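Student: Quick one: this structure, given as structure tokens, is what I'll be asking you about.
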Amino acid sequence: MPVKTFRPLTPSTRYVTIADYSDITKATPEKSLVEIRKKTGGRNAYGRVTARGIGGGHKQKIRLVDFKRNKHGVEATVAAIEYDPMRSARLALLQYADGEKRYIIAPVGIQVGGKISSGPAAAPEIGNALPLKSIPVGIAIHNIELTPGRGGQMVRSAGGAATLMSLDQGYAQIRLPSGEIRRVNQECYATVGQVGNTEHENIILGKAGRSRHRGIRPINRGVTRNPVDHPNGGGAGKSKSGGGWQQLMSPWGKIAKGGKTRHKYKYSNRFIVVRRNGLPIKVK
């Protein structure tokens, strides 16, 4: 998927880049596989803002994606490659032999008319979903389950790919795109291949309006506010990086730069072999 640029006829087109959508083969989604998305504006059930900077944006419909891939032993044909406004990856519409249709995340190399299957007996080919114990070591995978039967939770964004490193004592060691090496139950399913739309990272919004189309509203920095509004506010003039005396933090006092948010002794630490910073994790 190439990225399109424009002649700088206006200030925004100097920087804007967009996808050319040449990989899309079907413009409208499958009606039976979409739901209306009701926007919240960042507010909870009490009407209170719990997530700042959210509001407006274009209407979107949720595509019901099959992350479980639990239709084992039934071959499917790729009917179309579609756009999904809710995610960076493209979707592949599958037409199963029994007439059912499902969406999956489209991997690199998938083509309309291709055949795809899932289950322990499936071949380790692009787009097929297999248990980790049935996938050859060293192969690229995505849409990886953390708990057998729950559905894929890891490596689902555009261009993402993990590597199956080894199988030992009922667990598979997987190197994730972040560099973290993690142990996952070998009964968990994963899909073979790399997630498609690999050029997504090269897209530049280029103007504020494209953020507003996505429902992202502007937020002022804390150091530009008054002391009553933010812990980093105030000062007799500009104070870069908080003025040198206070820690940069959120409006509610959580450290913003460098503060660790993961629980030190989280239960799932036992499954992490190497953290994404390259250090082994301490388990207690």
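Labeling convention for the structure tokens: chains A, B, ... as they appear, residues from 1 per chain, ligands from 1 in order of appearance.
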What parts of stretch 172-238 of chain A does DSSP call strand (DSSP E or B)? I'd like the answer as an NGL selection string.
Tutor: :A and (172-175 or 181-185 or 189-192 or 195 or 216)
Student: Would you mind exporting the chosen residues as a PDB file, in the first residue's frame, restricted to N, CA and C atoms?
Tutor:
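Here's the written file selection.pdb:
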ATOM      1  N   ALA A 172       5.176 -21.834  24.701  1.00  0.00           N
ATOM      2  CA  ALA A 172       5.908 -21.301  23.559  1.00  0.00           C
ATOM      3  C   ALA A 172       6.535 -19.978  23.972  1.00  0.00           C
ATOM      4  N   GLN A 173       7.772 -19.763  23.563  1.00  0.00           N
ATOM      5  CA  GLN A 173       8.420 -18.477  23.785  1.00  0.00           C
ATOM      6  C   GLN A 173       8.268 -17.637  22.525  1.00  0.00           C
ATOM      7  N   ILE A 174       7.727 -16.435  22.700  1.00  0.00           N
ATOM      8  CA  ILE A 174       7.405 -15.563  21.570  1.00  0.00           C
ATOM      9  C   ILE A 174       8.104 -14.223  21.759  1.00  0.00           C
ATOM     10  N   ARG A 175       8.779 -13.766  20.707  1.00  0.00           N
ATOM     11  CA  ARG A 175       9.343 -12.417  20.724  1.00  0.00           C
ATOM     12  C   ARG A 175       8.320 -11.479  20.109  1.00  0.00           C
ATOM     13  N   ILE A 181      10.127 -10.819  25.300  1.00  0.00           N
ATOM     14  CA  ILE A 181      10.018 -12.261  25.072  1.00  0.00           C
ATOM     15  C   ILE A 181       9.100 -12.826  26.143  1.00  0.00           C
ATOM     16  N   ARG A 182       8.044 -13.491  25.712  1.00  0.00           N
ATOM     17  CA  ARG A 182       6.990 -13.920  26.638  1.00  0.00           C
ATOM     18  C   ARG A 182       6.646 -15.382  26.420  1.00  0.00           C
ATOM     19  N   ARG A 183       6.325 -16.075  27.513  1.00  0.00           N
ATOM     20  CA  ARG A 183       5.879 -17.455  27.450  1.00  0.00           C
ATOM     21  C   ARG A 183       4.359 -17.482  27.347  1.00  0.00           C
ATOM     22  N   VAL A 184       3.864 -18.278  26.380  1.00  0.00           N
ATOM     23  CA  VAL A 184       2.424 -18.406  26.152  1.00  0.00           C
ATOM     24  C   VAL A 184       2.092 -19.884  26.056  1.00  0.00           C
ATOM     25  N   ASN A 185       0.962 -20.275  26.612  1.00  0.00           N
ATOM     26  CA  ASN A 185       0.512 -21.661  26.550  1.00  0.00           C
ATOM     27  C   ASN A 185       0.506 -22.136  25.099  1.00  0.00           C
ATOM     28  N   TYR A 189      -4.025 -20.207  20.180  1.00  0.00           N
ATOM     29  CA  TYR A 189      -4.000 -20.081  18.725  1.00  0.00           C
ATOM     30  C   TYR A 189      -3.299 -18.781  18.308  1.00  0.00           C
ATOM     31  N   ALA A 190      -2.690 -18.831  17.137  1.00  0.00           N
ATOM     32  CA  ALA A 190      -2.102 -17.658  16.502  1.00  0.00           C
ATOM     33  C   ALA A 190      -2.290 -17.791  15.000  1.00  0.00           C
ATOM     34  N   THR A 191      -2.231 -16.680  14.305  1.00  0.00           N
ATOM     35  CA  THR A 191      -2.381 -16.673  12.854  1.00  0.00           C
ATOM     36  C   THR A 191      -1.017 -16.484  12.208  1.00  0.00           C
ATOM     37  N   VAL A 192      -0.763 -17.226  11.159  1.00  0.00           N
ATOM     38  CA  VAL A 192       0.534 -17.192  10.485  1.00  0.00           C
ATOM     39  C   VAL A 192       0.625 -15.954   9.606  1.00  0.00           C
ATOM     40  N   VAL A 195       0.819  -8.789   9.987  1.00  0.00           N
ATOM     41  CA  VAL A 195      -0.374  -7.982   9.746  1.00  0.00           C
ATOM     42  C   VAL A 195      -0.113  -7.043   8.569  1.00  0.00           C
ATOM     43  N   ILE A 216     -10.413  13.249  18.043  1.00  0.00           N
ATOM     44  CA  ILE A 216      -9.373  13.660  18.989  1.00  0.00           C
ATOM     45  C   ILE A 216      -9.407  15.180  19.108  1.00  0.00           C
TER      46      ILE A 216
END
Student: Give me the residues within 6 Å of stretch 25-31 of chain A as a list of chain:residue names, counting only C-alpha atoms and dropping any in the same chain fewer than 5 places off.
Tutor: A:Ala80, A:Ile81, A:Glu82
Student: Looking at A:Arg214, A:Arg63, A:Arg69, A:His200, which one is nearest to A:Val3, with distances taken over only C-alpha atoms?
Tutor: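 Distance minimum relative to A:Val3 lands on A:His200.
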Student: Excluding A:Asn70 and residues on its chain fewer than 3 positions from it, collect all residues at most 10 Å away from it, counting only C-alpha atoms, and give them as a count of residues only.
Tutor: 12
Student: Within stretch 10-257 of chain A, find each residue whose DSSP state, derived from the backbone, is alpha helix (DSSP H), and express the selection as a list in words.
Tutor: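 Listing alpha helix (DSSP H) positions across stretch 10-257 of chain A yields Ala208, Gly209, Arg210, Ser211, Arg212 and His213 of chain A.
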Student: For the residues in the current selection, export N, CA and C atoms as an mmCIF file, in the first residue's frame.
Tutor:
data_model
loop_
_atom_site.group_PDB
_atom_site.id
_atom_site.type_symbol
_atom_site.label_atom_id
_atom_site.label_comp_id
_atom_site.auth_asym_id
_atom_site.auth_seq_id
_atom_site.Cartn_x
_atom_site.Cartn_y
_atom_site.Cartn_z
ATOM 1 N N ALA A 208 -4.595 19.810 11.900
ATOM 2 C CA ALA A 208 -5.409 19.547 13.088
ATOM 3 C C ALA A 208 -6.753 18.927 12.731
ATOM 4 N N GLY A 209 -7.282 19.294 11.552
ATOM 5 C CA GLY A 209 -8.604 18.814 11.179
ATOM 6 C C GLY A 209 -8.670 17.307 11.064
ATOM 7 N N ARG A 210 -7.576 16.659 10.645
ATOM 8 C CA ARG A 210 -7.615 15.200 10.508
ATOM 9 C C ARG A 210 -7.672 14.514 11.868
ATOM 10 N N SER A 211 -7.136 15.174 12.890
ATOM 11 C CA SER A 211 -7.302 14.646 14.245
ATOM 12 C C SER A 211 -8.741 14.790 14.703
ATOM 13 N N ARG A 212 -9.370 15.909 14.356
ATOM 14 C CA ARG A 212 -10.762 16.121 14.747
ATOM 15 C C ARG A 212 -11.677 15.124 14.043
ATOM 16 N N HIS A 213 -11.337 14.745 12.800
ATOM 17 C CA HIS A 213 -12.132 13.727 12.106
ATOM 18 C C HIS A 213 -12.109 12.406 12.859
#
Student: Quick one: distance from atom CA of A:Ile36 to atom CA of A:Thr17 in Å, one decimal?
Tutor: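 Computing the Euclidean distance for atom CA of A:Ile36 and atom CA of A:Thr17 yields 28.6 Å.
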